[in-house]
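**Student:** So here's data-v9.csv, just CSV, C-alpha atoms and all ligand atoms:
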chain,number,residue,atom,x,y,z
D,151,MET,CA,-6.9,109.1,135.7
D,152,GLN,CA,-5.2,105.8,134.7
D,153,ALA,CA,-1.8,107.3,135.7
D,154,PHE,CA,-2.9,107.4,139.3
D,155,ALA,CA,-3.7,103.7,139.5
D,156,THR,CA,-0.4,102.9,137.7
D,157,HIS,CA,1.6,105.0,140.1
D,158,TYR,CA,-0.1,104.3,143.4
D,159,GLY,CA,-1.7,100.9,142.7
D,160,TYR,CA,-5.3,101.8,143.5
D,161,GLU,CA,-8.0,104.0,142.1
D,162,PRO,CA,-8.3,107.7,143.1
D,163,VAL,CA,-11.5,109.0,144.8
D,164,GLY,CA,-11.7,111.9,142.4
D,165,VAL,CA,-10.0,114.1,139.8
D,166,TRP,CA,-10.1,117.9,139.8
D,167,SER,CA,-8.5,120.4,137.5
D,168,ALA,CA,-7.5,124.1,137.2
D,169,PRO,CA,-6.4,126.1,134.2
D,170,GLY,CA,-3.4,128.3,133.5
D,171,ARG,CA,-4.2,131.9,132.5
D,172,VAL,CA,-3.3,134.6,130.1
D,173,ASN,CA,-3.3,138.2,131.2
D,174,LEU,CA,-5.2,140.2,128.6
D,175,ILE,CA,-4.2,143.5,130.1
D,176,GLY,CA,-3.0,145.0,133.4
D,177,GLU,CA,0.7,144.3,134.0
D,178,HIS,CA,2.4,145.0,137.4
D,179,THR,CA,-0.7,146.7,138.5
D,180,ASP,CA,-1.7,143.9,140.9
D,181,TYR,CA,0.8,144.7,143.7
D,182,ASN,CA,-0.1,148.4,143.3
D,183,GLY,CA,-3.7,147.7,144.3
D,184,GLY,CA,-4.7,148.2,140.7
D,185,LEU,CA,-6.8,146.5,138.0
D,186,VAL,CA,-6.0,143.4,136.0
D,187,LEU,CA,-8.0,141.5,133.3
D,188,PRO,CA,-6.8,137.9,132.8
D,189,PHE,CA,-8.7,134.9,131.5
D,190,ALA,CA,-8.4,131.2,132.2
D,191,ILE,CA,-7.1,129.1,129.2
D,192,ASP,CA,-7.7,125.7,127.7
D,193,ARG,CA,-4.5,124.4,129.3
D,194,ARG,CA,-5.0,122.7,132.6
D,195,THR,CA,-3.4,120.8,135.5
D,196,TRP,CA,-5.3,117.8,136.7
D,197,CYS,CA,-5.1,116.6,140.3
D,198,ALA,CA,-6.1,113.0,141.1
D,199,VAL,CA,-6.4,112.2,144.8
D,200,GLY,CA,-6.6,109.0,146.8
D,201,ASP,CA,-7.5,108.7,150.5
D,202,ARG,CA,-5.1,107.2,153.0
D,203,ASP,CA,-5.8,106.0,156.5
D,204,ASP,CA,-2.7,107.5,158.1
D,205,ARG,CA,-1.3,111.1,158.3
D,206,VAL,CA,1.0,110.7,155.3
D,207,VAL,CA,0.7,112.9,152.2
D,208,ARG,CA,2.5,111.7,149.0
D,209,VAL,CA,2.6,113.9,146.0
D,210,SER,CA,3.8,113.0,142.6
D,211,SER,CA,3.8,114.7,139.2
D,212,THR,CA,3.9,113.0,135.7
D,213,LEU,CA,6.2,115.9,134.8
D,214,THR,CA,8.9,115.3,137.4
D,215,HIS,CA,8.7,111.5,138.0
D,216,GLU,CA,9.4,112.2,141.6
D,217,THR,CA,7.3,111.3,144.7
D,218,VAL,CA,7.6,113.5,147.7
D,219,GLN,CA,6.3,112.3,151.1
D,220,VAL,CA,5.5,114.3,154.2
D,221,SER,CA,3.4,114.0,157.3
D,222,LEU,CA,0.4,116.2,158.0
D,223,ASP,CA,1.9,116.7,161.4
D,224,GLY,CA,4.3,119.6,161.5
D,225,LEU,CA,4.1,120.8,157.9
D,226,ASP,CA,6.7,123.6,157.8
D,227,PRO,CA,6.9,126.0,154.9
D,228,ASP,CA,10.7,126.4,155.5
D,229,GLN,CA,11.1,122.6,154.9
D,230,LEU,CA,9.2,122.7,151.6
D,231,SER,CA,11.2,123.1,148.4
D,232,GLY,CA,11.1,122.5,144.7
D,233,TRP,CA,8.0,121.8,142.7
D,234,SER,CA,6.2,120.0,145.5
D,235,ALA,CA,6.2,123.2,147.6
D,236,TYR,CA,3.4,124.5,145.3
D,237,VAL,CA,1.2,121.5,146.3
D,238,LEU,CA,2.2,121.0,149.9
D,239,GLY,CA,2.3,124.7,150.4
D,240,VAL,CA,-1.4,124.9,149.8
D,241,ILE,CA,-2.0,122.3,152.6
D,242,TRP,CA,0.3,124.3,154.9
D,243,ALA,CA,-1.5,127.6,153.9
D,244,LEU,CA,-4.8,126.0,154.9
D,245,THR,CA,-3.5,125.5,158.4
D,246,ALA,CA,-2.0,129.0,158.5
D,247,GLU,CA,-5.5,130.3,157.7
D,248,GLY,CA,-6.7,128.5,160.8
D,249,ILE,CA,-8.2,125.4,159.2
D,250,ASP,CA,-7.9,122.5,161.7
D,251,LEU,CA,-6.4,119.5,159.9
D,252,THR,CA,-5.6,117.5,163.1
D,253,SER,CA,-8.4,115.0,162.4
D,254,ARG,CA,-7.7,114.6,158.7
D,255,SER,CA,-6.2,111.5,157.2
D,256,GLY,CA,-3.5,111.6,154.6
D,257,LEU,CA,-3.7,111.7,150.8
D,258,ASP,CA,-2.0,110.4,147.7
D,259,ILE,CA,-1.9,113.1,145.0
D,260,LEU,CA,-0.9,112.7,141.4
D,261,LEU,CA,-0.6,115.8,139.1
D,262,THR,CA,-0.5,115.9,135.4
D,263,SER,CA,-0.6,119.1,133.2
D,264,ASP,CA,-0.5,120.5,129.7
D,265,VAL,CA,0.3,124.0,130.9
D,266,PRO,CA,3.8,124.7,129.7
D,267,LEU,CA,6.0,125.4,132.7
D,268,GLY,CA,7.6,128.8,133.1
D,269,ALA,CA,6.1,130.2,129.9
D,270,GLY,CA,4.1,132.9,131.6
D,271,LEU,CA,0.9,131.0,131.5
D,272,SER,CA,0.9,130.4,135.2
D,273,SER,CA,1.4,126.6,135.6
D,274,SER,CA,2.2,127.6,139.2
D,275,ALA,CA,-1.3,128.8,139.8
D,276,ALA,CA,-2.8,125.9,137.9
D,277,ILE,CA,-1.0,123.4,140.2
D,278,GLU,CA,-1.9,125.3,143.4
D,279,CYS,CA,-5.5,125.8,142.4
D,280,ALA,CA,-6.0,122.2,141.2
D,281,THR,CA,-4.7,121.1,144.6
D,282,ALA,CA,-6.8,123.6,146.5
D,283,ILE,CA,-10.1,122.8,144.7
D,284,ALA,CA,-9.5,119.1,145.2
D,285,ILE,CA,-8.9,119.4,149.0
D,286,ASN,CA,-11.7,121.9,149.4
D,287,ASP,CA,-14.1,119.4,147.9
D,288,LEU,CA,-12.7,116.2,149.3
D,289,TRP,CA,-12.5,117.5,152.9
D,290,HIS,CA,-15.8,119.5,152.6
D,291,LEU,CA,-14.1,122.7,153.7
D,292,ASP,CA,-16.6,124.7,151.6
D,293,LEU,CA,-14.2,127.7,151.3
D,294,PRO,CA,-15.3,130.3,148.8
D,295,LEU,CA,-13.1,130.5,145.7
D,296,GLN,CA,-11.8,133.9,146.7
D,297,ASP,CA,-10.5,132.5,149.9
D,298,LEU,CA,-8.9,129.6,148.0
D,299,ALA,CA,-7.2,132.2,145.8
D,300,ARG,CA,-5.7,133.9,148.8
D,301,ILE,CA,-4.6,130.5,150.3
D,302,CYS,CA,-2.9,129.6,147.0
D,303,GLN,CA,-1.2,133.0,146.9
D,304,ARG,CA,0.0,132.5,150.5
D,305,ALA,CA,1.5,129.1,149.5
D,306,GLU,CA,3.3,130.6,146.6
D,307,ASN,CA,4.6,133.6,148.6
D,308,ARG,CA,5.6,131.7,151.7
D,309,ALA,CA,6.3,128.1,150.8
D,310,VAL,CA,7.7,128.6,147.3
D,311,GLY,CA,9.1,132.1,148.1
D,312,ALA,CA,7.8,133.9,145.0
D,313,PRO,CA,6.4,137.4,145.9
D,314,THR,CA,3.5,137.2,143.4
D,315,GLY,CA,0.1,138.9,143.6
D,316,ILE,CA,-3.3,137.2,143.6
D,317,MET,CA,-4.2,137.6,139.9
D,318,ASP,CA,-3.1,134.2,138.6
D,319,GLN,CA,-5.0,132.2,141.2
D,320,THR,CA,-8.1,134.4,140.8
D,321,ALA,CA,-8.2,133.8,137.1
D,322,SER,CA,-7.6,130.0,137.5
D,323,LEU,CA,-10.3,129.6,140.1
D,324,LEU,CA,-12.9,132.1,138.9
D,325,GLY,CA,-12.4,131.9,135.1
D,326,LYS,CA,-15.4,131.2,132.9
D,327,ALA,CA,-15.6,130.1,129.2
D,328,ASP,CA,-15.5,133.1,126.9
D,329,HIS,CA,-15.0,135.6,129.8
D,330,GLY,CA,-12.2,137.6,131.3
D,331,VAL,CA,-11.9,138.1,135.1
D,332,LEU,CA,-11.7,141.8,135.9
D,333,LEU,CA,-10.0,141.9,139.3
D,334,ASP,CA,-9.6,145.0,141.5
D,335,CYS,CA,-6.5,144.2,143.5
D,336,GLU,CA,-7.5,146.8,146.2
D,337,SER,CA,-11.0,145.7,147.0
D,338,PHE,CA,-10.6,142.1,145.6
D,339,ALA,CA,-13.9,142.6,143.8
D,340,THR,CA,-14.2,140.6,140.6
D,341,GLU,CA,-16.4,140.9,137.6
D,342,LEU,CA,-16.7,138.5,134.6
D,343,VAL,CA,-16.4,140.4,131.3
D,344,PRO,CA,-17.6,138.7,128.1
D,345,LEU,CA,-14.7,138.5,125.6
D,346,ARG,CA,-16.6,137.2,122.5
D,347,PHE,CA,-13.4,136.3,120.7
D,348,ALA,CA,-15.0,133.3,119.0
D,349,ASP,CA,-18.2,135.3,118.0
D,350,GLU,CA,-15.9,137.9,116.3
D,351,GLY,CA,-13.7,135.3,114.6
D,352,ILE,CA,-10.7,136.2,116.7
D,353,THR,CA,-8.0,133.8,117.9
D,354,VAL,CA,-5.7,134.6,120.8
D,355,MET,CA,-2.2,133.7,119.6
D,356,VAL,CA,0.5,133.1,122.3
D,357,ILE,CA,4.1,133.6,121.2
D,358,ASP,CA,6.4,132.1,123.8
D,359,THR,CA,9.9,133.6,123.1
D,360,HIS,CA,11.7,131.1,125.4
D,361,VAL,CA,13.7,134.1,126.6
D,362,SER,CA,14.2,134.0,130.3
D,363,HIS,CA,16.6,136.5,131.8
D,364,ALA,CA,18.5,135.7,134.9
D,365,HIS,CA,17.7,139.2,136.2
D,366,ALA,CA,13.9,138.6,135.9
D,367,THR,CA,13.5,138.1,139.6
D,368,GLY,CA,15.7,141.1,140.5
D,369,GLY,CA,13.9,143.2,137.9
D,370,TYR,CA,10.5,142.4,139.3
D,371,ALA,CA,11.7,143.2,142.9
D,372,ASP,CA,13.3,146.4,141.6
D,373,ARG,CA,10.0,147.5,140.0
D,374,ARG,CA,8.1,146.8,143.1
D,375,ALA,CA,10.5,148.8,145.2
D,376,SER,CA,10.3,151.7,142.7
D,377,CYS,CA,6.5,151.7,143.0
D,378,GLU,CA,6.6,151.6,146.8
D,379,LYS,CA,9.2,154.4,146.9
D,380,ALA,CA,7.0,156.6,144.6
D,381,ALA,CA,3.9,156.0,146.6
D,382,ALA,CA,5.7,157.0,149.8
D,383,ALA,CA,7.1,160.1,148.1
D,384,LEU,CA,3.7,161.1,146.8
D,385,GLY,CA,2.0,160.5,150.2
D,386,VAL,CA,-0.4,157.7,149.0
D,387,THR,CA,-0.7,154.1,150.4
D,388,SER,CA,-0.5,152.7,146.9
D,389,LEU,CA,-0.2,154.0,143.3
D,390,ARG,CA,-3.8,153.0,142.8
D,391,ALA,CA,-4.8,156.2,144.5
D,392,LEU,CA,-3.4,158.2,141.6
D,393,THR,CA,-5.1,159.2,138.3
D,394,ARG,CA,-3.8,160.8,135.2
D,395,ALA,CA,-4.5,164.2,136.8
D,396,ASP,CA,-1.8,163.5,139.4
D,397,LEU,CA,0.9,162.8,136.8
D,398,GLU,CA,2.0,166.4,136.5
D,399,ARG,CA,2.6,166.6,140.2
D,400,ALA,CA,4.4,163.2,140.1
D,401,GLU,CA,6.7,164.4,137.4
D,402,GLN,CA,7.8,167.3,139.5
D,403,ALA,CA,8.2,165.3,142.6
D,404,LEU,CA,10.1,162.3,141.2
D,405,ASP,CA,13.2,161.5,139.3
D,406,ASP,CA,12.6,160.7,135.6
D,407,GLU,CA,12.9,156.9,136.0
D,408,THR,CA,10.6,156.7,139.0
D,409,PHE,CA,8.1,159.0,137.3
D,410,ARG,CA,8.0,156.7,134.2
D,411,ARG,CA,7.4,153.7,136.5
D,412,VAL,CA,4.4,155.6,138.0
D,413,ARG,CA,3.1,156.7,134.6
D,414,HIS,CA,3.0,153.1,133.5
D,415,ILE,CA,1.0,152.0,136.5
D,416,VAL,CA,-1.4,154.9,136.4
D,417,THR,CA,-2.0,154.7,132.6
D,418,GLU,CA,-2.2,150.9,132.8
D,419,ASN,CA,-5.0,151.0,135.4
D,420,ASP,CA,-6.8,153.4,133.1
D,421,ARG,CA,-6.3,151.1,130.1
D,422,VAL,CA,-7.7,148.0,132.0
D,423,ALA,CA,-10.8,150.0,132.9
D,424,HIS,CA,-11.2,151.1,129.3
D,425,THR,CA,-10.6,147.6,127.9
D,426,ALA,CA,-13.4,146.2,130.2
D,427,ALA,CA,-15.7,149.0,129.2
D,428,ALA,CA,-14.9,148.6,125.5
D,429,LEU,CA,-15.4,144.9,125.6
D,430,LEU,CA,-18.9,145.4,127.1
D,431,ASP,CA,-19.8,148.3,124.7
D,432,SER,CA,-18.2,147.5,121.4
D,433,GLY,CA,-16.6,144.0,121.6
D,434,PRO,CA,-13.1,142.7,121.2
D,435,ARG,CA,-12.2,144.4,117.9
D,436,SER,CA,-12.2,147.7,119.8
D,437,ILE,CA,-9.5,146.9,122.2
D,438,GLY,CA,-6.5,146.6,119.9
D,439,ALA,CA,-5.1,150.1,120.4
D,440,LEU,CA,-5.3,149.7,124.2
D,441,LEU,CA,-3.3,146.4,124.0
D,442,VAL,CA,-0.6,148.1,121.9
D,443,ALA,CA,-0.5,151.2,124.2
D,444,SER,CA,0.0,148.8,127.1
D,445,HIS,CA,3.0,147.2,125.4
D,446,VAL,CA,4.5,150.5,124.5
D,447,SER,CA,4.1,151.6,128.1
D,448,MET,CA,5.8,148.4,129.4
D,449,ARG,CA,8.6,148.9,126.8
D,450,ASP,CA,9.3,152.6,127.3
D,451,ASP,CA,8.1,153.5,130.8
D,452,PHE,CA,8.3,150.4,132.9
D,453,GLU,CA,11.2,148.9,130.8
D,454,ILE,CA,10.3,145.3,131.3
D,455,SER,CA,10.2,144.2,127.6
D,456,VAL,CA,13.0,142.6,125.7
D,457,PRO,CA,13.8,142.8,121.9
D,458,GLU,CA,12.2,139.4,121.2
D,459,LEU,CA,8.9,140.5,122.8
D,460,ASP,CA,9.0,143.8,120.8
D,461,LEU,CA,9.7,141.8,117.6
D,462,ALA,CA,6.8,139.4,118.3
D,463,VAL,CA,4.4,142.3,118.9
D,464,ASP,CA,5.5,144.5,116.0
D,465,THR,CA,5.5,141.5,113.6
D,466,ALA,CA,2.0,140.4,114.7
D,467,ILE,CA,0.6,144.0,114.2
D,468,ALA,CA,2.3,144.3,110.8
D,469,GLY,CA,0.7,141.0,109.8
D,470,GLY,CA,-2.8,142.2,110.6
D,471,ALA,CA,-3.3,141.5,114.4
D,472,ILE,CA,-6.0,143.6,116.0
D,473,GLY,CA,-3.7,144.2,119.0
D,474,ALA,CA,-0.7,142.6,120.7
D,475,ARG,CA,1.3,143.0,123.8
D,476,MET,CA,3.8,141.2,126.0
D,477,THR,CA,2.1,139.5,128.9
D,478,GLY,CA,3.3,138.5,132.3
D,479,GLY,CA,6.1,139.8,134.5
D,480,GLY,CA,8.4,140.7,131.6
D,481,PHE,CA,12.2,140.3,130.9
D,482,GLY,CA,11.2,137.4,128.6
D,483,GLY,CA,8.2,135.0,128.4
D,484,ALA,CA,5.4,135.4,126.0
D,485,ALA,CA,3.5,137.9,124.0
D,486,ILE,CA,-0.2,137.6,122.9
D,487,ALA,CA,-1.9,138.8,119.8
D,488,LEU,CA,-5.6,139.0,118.9
D,489,VAL,CA,-5.6,137.5,115.4
D,490,PRO,CA,-8.6,137.8,113.0
D,491,ALA,CA,-9.8,134.8,111.2
D,492,GLY,CA,-7.6,134.1,108.1
D,493,HIS,CA,-4.5,135.9,109.5
D,494,TYR,CA,-3.3,133.2,111.9
D,495,ASP,CA,-1.0,131.3,109.5
D,496,ILE,CA,0.3,134.5,107.9
D,497,ILE,CA,1.2,136.0,111.3
D,498,GLU,CA,2.7,132.7,112.5
D,499,ARG,CA,4.9,132.5,109.5
D,500,ALA,CA,5.9,136.1,109.7
D,501,VAL,CA,6.9,135.8,113.4
D,502,LEU,CA,8.9,132.7,112.7
D,503,ALA,CA,10.7,134.4,109.8
D,504,ALA,CA,11.4,137.6,111.8
D,505,PHE,CA,12.9,135.5,114.7
D,506,ALA,CA,15.0,133.5,112.2
D,507,ALA,CA,16.2,136.7,110.5
D,508,THR,CA,17.4,138.1,113.7
D,509,GLY,CA,19.0,134.9,114.9
D,510,SER,CA,16.6,134.6,117.9
D,511,THR,CA,15.6,131.3,119.4
D,512,THR,CA,12.6,129.9,117.5
D,513,PRO,CA,9.5,130.8,119.5
D,514,THR,CA,6.7,128.4,120.3
D,515,ILE,CA,3.4,129.7,118.8
D,516,PHE,CA,0.0,128.4,119.8
D,517,SER,CA,-3.6,129.6,120.4
D,518,VAL,CA,-5.5,129.7,123.6
D,519,THR,CA,-9.3,129.9,124.3
D,520,PRO,CA,-10.9,131.6,127.3
D,521,SER,CA,-12.0,128.6,129.3
D,522,PRO,CA,-13.7,127.5,132.6
D,523,GLY,CA,-11.9,127.9,135.9
D,524,ALA,CA,-11.1,125.2,138.4
D,525,ARG,CA,-13.6,122.3,138.7
D,526,ARG,CA,-14.2,118.7,139.5
D,527,GLU,CA,-13.6,116.7,136.4
D,528,ARG,CA,-16.6,114.5,135.7
D,529,ALA,CA,-15.3,113.5,132.3
D,530,LEU,CA,-12.3,111.9,133.9
D,531,THR,CA,-14.3,110.2,136.6
D,532,VAL,CA,-13.0,106.7,137.2
D,533,PRO,CA,-15.6,103.9,137.5
D,534,SER,CA,-15.0,103.3,141.2
D,535,MET,CA,-15.4,107.0,142.1
D,536,THR,CA,-18.4,108.0,144.1
D,537,GLU,CA,-20.0,111.4,144.1
D,538,HIS,CA,-20.1,113.4,147.4
T,601,LIG,P1,4.7,129.8,135.4
T,601,LIG,O1,3.8,129.9,136.5
T,601,LIG,O2,4.8,130.9,134.5
T,601,LIG,O3,4.5,128.5,134.6
T,601,LIG,P2,6.5,129.6,137.6
T,601,LIG,O4,8.0,129.6,137.6
T,601,LIG,O5,5.7,130.5,138.4
T,601,LIG,O6,6.2,129.7,136.0
T,601,LIG,O7,6.1,128.1,137.9
T,601,LIG,C1,6.6,127.0,137.3
T,601,LIG,C2,7.0,125.9,138.3
T,601,LIG,O8,5.8,125.4,138.9
T,601,LIG,C3,7.8,124.8,137.8
T,601,LIG,O9,9.2,125.0,137.7
T,601,LIG,C4,7.5,123.7,138.8
T,601,LIG,O10,8.3,123.8,139.9
T,601,LIG,C5,6.0,124.0,139.2
T,601,LIG,N1,5.0,123.2,138.4
T,601,LIG,C6,4.0,123.7,137.8
T,601,LIG,N2,3.2,122.7,137.2
T,601,LIG,C7,3.8,121.6,137.6
T,601,LIG,C8,3.5,120.2,137.4
T,601,LIG,N3,2.4,119.8,136.7
T,601,LIG,N4,4.3,119.3,138.0
T,601,LIG,C9,5.4,119.6,138.7
T,601,LIG,N5,5.7,120.9,138.9
T,601,LIG,C10,4.9,121.9,138.4
T,602,MG,MG,3.9,131.3,138.0
As structure tokens, what does this structure read like?
**Tutor:**
Amino acid sequence: MQAFATHYGYEPVGVWSAPGRVNLIGEHTDYNGGLVLPFAIDRRTWCAVGDRDDRVVRVSSTLTHETVQVSLDGLDPDQLSGWSAYVLGVIWALTAEGIDLTSRSGLDILLTSDVPLGAGLSSSAAIECATAIAINDLWHLDLPLQDLARICQRAENRAVGAPTGIMDQTASLLGKADHGVLLDCESFATELVPLRFADEGITVMVIDTHVSHAHATGGYADRRASCEKAAAALGVTSLRALTRADLERAEQALDDETFRRVRHIVTENDRVAHTAAALLDSGPRSIGALLVASHVSMRDDFEISVPELDLAVDTAIAGGAIGARMTGGGFGGAAIALVPAGHYDIIERAVLAAFAATGSTTPTIFSVTPSPGARRERALTVPSMTEH
């Protein structure tokens, strides 16, 4: 990466990358021990690293034009802040997992990315996982990808302070071209599910509404609290333990709002399982109704959608999309639509017109492709770089 040499004045020893992700289905199920089905996308964060002979770590991003410098001695998650906490938090989390870094020398790190920040495509997991895969490789830690996912999640939870699940990091690290990553957030078992979008002439359209509500963090915490309260009231350790057969009992035991939160989680787990099975049995054209049902459940039962997301989904469906739903934590962010060949331009124009007609901020619309997970980038190998 030329930018590394320009910034630090010498060549990096390697370049690694990790993708952002889109969640195909399974929203707010992760922290309830449930099922999610995300896929890695063709938007990535690249991490170029140079070796130092002292204990200093310098980290810089082409997006922030800022260089942050720390020492490997006494990395403290409470002292980390801002964007560099995503990177340095990973190094701290390694030590928190018992990896001994006392004999390691420092690093210079430069990050660059084409994952849009804060659009619900998990630029945060991309930056963490690019860092983790680079260090795992460079320092020969040989940690399995699932361990790296947990370490990145720990960095985000503790050093950044975002109470997120493990879905994003799992998708970024384990993703595979043309596949979704079915993740069971109770057992942490993963299974690659063929998506076959390209074979079936389907494009995944992302509609970023640019809506970002100030209460998003509070809303997320509030939904988590409702789920925990409901699980306790129903005598289960997590809502994963419930099936549709338990809903009648739940309705009697809980107030209406809490019951609807539970119904979303229970039915969403069911929809994820059915989506994975339908993809395997019948292909992606058979999952449209499940995606729409997921959106309706988030809109009416979990109440995390916003009018702009509903408009994006409704307009995409009216324009011929196979299925569509809001994706991510909610209260704004993006929707996805599975768009058959020949409908992309029509739907794009229809969504732009619908947003203009309602006076909403113009959304950004682009397509994503299910892509490989984190990896060492040979294509970007600089001439002086030697292979391990
Ligand atoms: P999302 O993960 O949906 O993109 P988050 O709020 O979780 O949104 O993470 C976005 C934050 O991650 C940014 O505000 C920034 O602090 C950090 N970040 C992600 N990628 C980069 C990057 N390439 N350079 C600097 N900071 C980044
Ligand atoms: Mg994020």
**Student:** Write out as a list in words each polymer residue whose atoms come within 7 Å of Val186 in chain D, counting all atoms listed in the file; drop sequence neighbours fewer than 6 positions from it.
**Tutor:**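 Non-adjacent residues within range: Ile175, Gly176, Thr179, Asp180, Leu332, Leu333, Asp334 and Val422 of chain D.
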**Student:** What's the 7 Å shell around Gly330 in chain D, counting all atoms listed in the file, without same-chain residues fewer than 2 positions away, as a list of chain:residue names?
**Tutor:** D:Leu187, D:Pro188, D:Phe189, D:Gly325, D:Leu332, D:Leu342, D:Val343, D:Pro344, D:Leu345
**Student:** Please return as a list in words the residues found within 7 Å of ligand LIG 601 (chain T), counting all atoms listed in the file.
**Tutor:** Thr195, Ser211, Thr212, Leu213, Thr214, Gly232, Trp233, Ser234, Tyr236, Leu261, Thr262, Ser263, Pro266, Leu267, Gly268, Ala269, Gly270, Leu271, Ser272, Ser273, Ser274, Ala275, Ala276 and Ile277 of chain D
**Student:** For the atom pair CA of Leu502 in chain D and CA of Gly483 in chain D, what is the interatomic distance in Å to one decimal place?
**Tutor:**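 Calculated distance between CA of Leu502 in chain D and CA of Gly483 in chain D is 15.9 Å.
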**Student:** Between CA of Arg449 in chain D and CA of Ala503 in chain D, what is the distance in Å, rounded to a tenth?
**Tutor:** 22.4 Å
**Student:** What's around Val207 in chain D at 10 Å? Count all atoms listed in the file, leave out sequence neighbours fewer than 6 positions away in its own chain, and write the answer as a PyMOL selection string.
**Tutor:** chain D and resi 200-201+218-222+238+241+255-259
**Student:** Of the residues D:Ile285, D:Arg526, D:Gly479, D:Val199, which is the one nearest to Pro313 in chain D, using all atoms listed in the file?
**Tutor:**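 The shortest atom-to-atom distance to Pro313 in chain D comes from D:Gly479.
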**Student:** Hey, what's within 8 Å of Ala403 in chain D if we count all atoms listed in the file and toss same-chain stuff fewer than 2 positions away? As number ranges by chain, please?
**Tutor:** D: 383-384, 399-401, 405
**Student:** Any chance you can output those residues with C-alpha atoms as a short mmCIF file (atom, residue, chain, number, x, y, z; two decimals), keeping the file's coordinate frame?
**Tutor:**
data_model
loop_
_atom_site.label_atom_id
_atom_site.label_comp_id
_atom_site.auth_asym_id
_atom_site.auth_seq_id
_atom_site.Cartn_x
_atom_site.Cartn_y
_atom_site.Cartn_z
CA ALA D 383 7.10 160.10 148.10
CA LEU D 384 3.70 161.10 146.80
CA ARG D 399 2.60 166.60 140.20
CA ALA D 400 4.40 163.20 140.10
CA GLU D 401 6.70 164.40 137.40
CA ASP D 405 13.20 161.50 139.30
#
**Student:** How many Å lie between CA of Ala391 in chain D and CA of Ala427 in chain D, rounded to one decimal?
**Tutor:**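 According to the coordinates, CA of Ala391 in chain D and CA of Ala427 in chain D are separated by 20.1 Å.
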**Student:** Looking at D:Pro520, D:Pro227, D:Gly164, D:Gly311, which one is nearest to ligand MG 602 (chain T), with distances taken over all atoms listed in the file?
**Tutor:**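 The answer is D:Gly311, which sits nearest to ligand MG 602 (chain T).
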**Student:** Give me, as number ranges by chain, all polymer residues having an atom no more than 7 Å from range 457-472 of chain D, counting all atoms listed in the file and skipping those fewer than 6 positions away in the same chain.
**Tutor:** D: 359, 435, 438, 482, 484-485, 487-490, 493, 496-497, 500-501
**Student:** Kindly indicate which residue among D:Thr387, D:Ser322, D:Gln229, D:Ser517 lies nearest to ligand MG 602 (chain T), using all atoms listed in the file for the distances.
**Tutor:**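 Selected residue with least distance to ligand MG 602 (chain T): D:Ser322.
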**Student:** Given the choices D:Val240, D:Val412, D:Ala284, D:Val518, which gets closest to Gln303 in chain D if the distance is worked out from only C-alpha atoms?
**Tutor:**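 Using only C-alpha atoms, the shortest distance to Gln303 in chain D belongs to D:Val240.
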**Student:** Considering all atoms listed in the file, can you say which of D:Leu397, D:Ala305, D:Ile486, D:Cys335 comes closest to ligand MG 602 (chain T)?
**Tutor:**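 The answer is D:Ala305, which sits nearest to ligand MG 602 (chain T).
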**Student:** Using all atoms listed in the file for the distances, tell me which of D:Arg300, D:Arg208, D:His329, D:Arg202 is nearest to Arg171 in chain D.
**Tutor:**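 Closest to Arg171 in chain D of all the choices is D:His329.
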**Student:** Need the neighbours of (7.5, 151.6, 135.3): which residues are at most 12 Å away, counting all atoms listed in the file, as a VMD selection string?
**Tutor:** chain D and resid 177 to 179 182 369 to 370 372 to 378 380 389 406 to 418 444 to 455 479 to 480
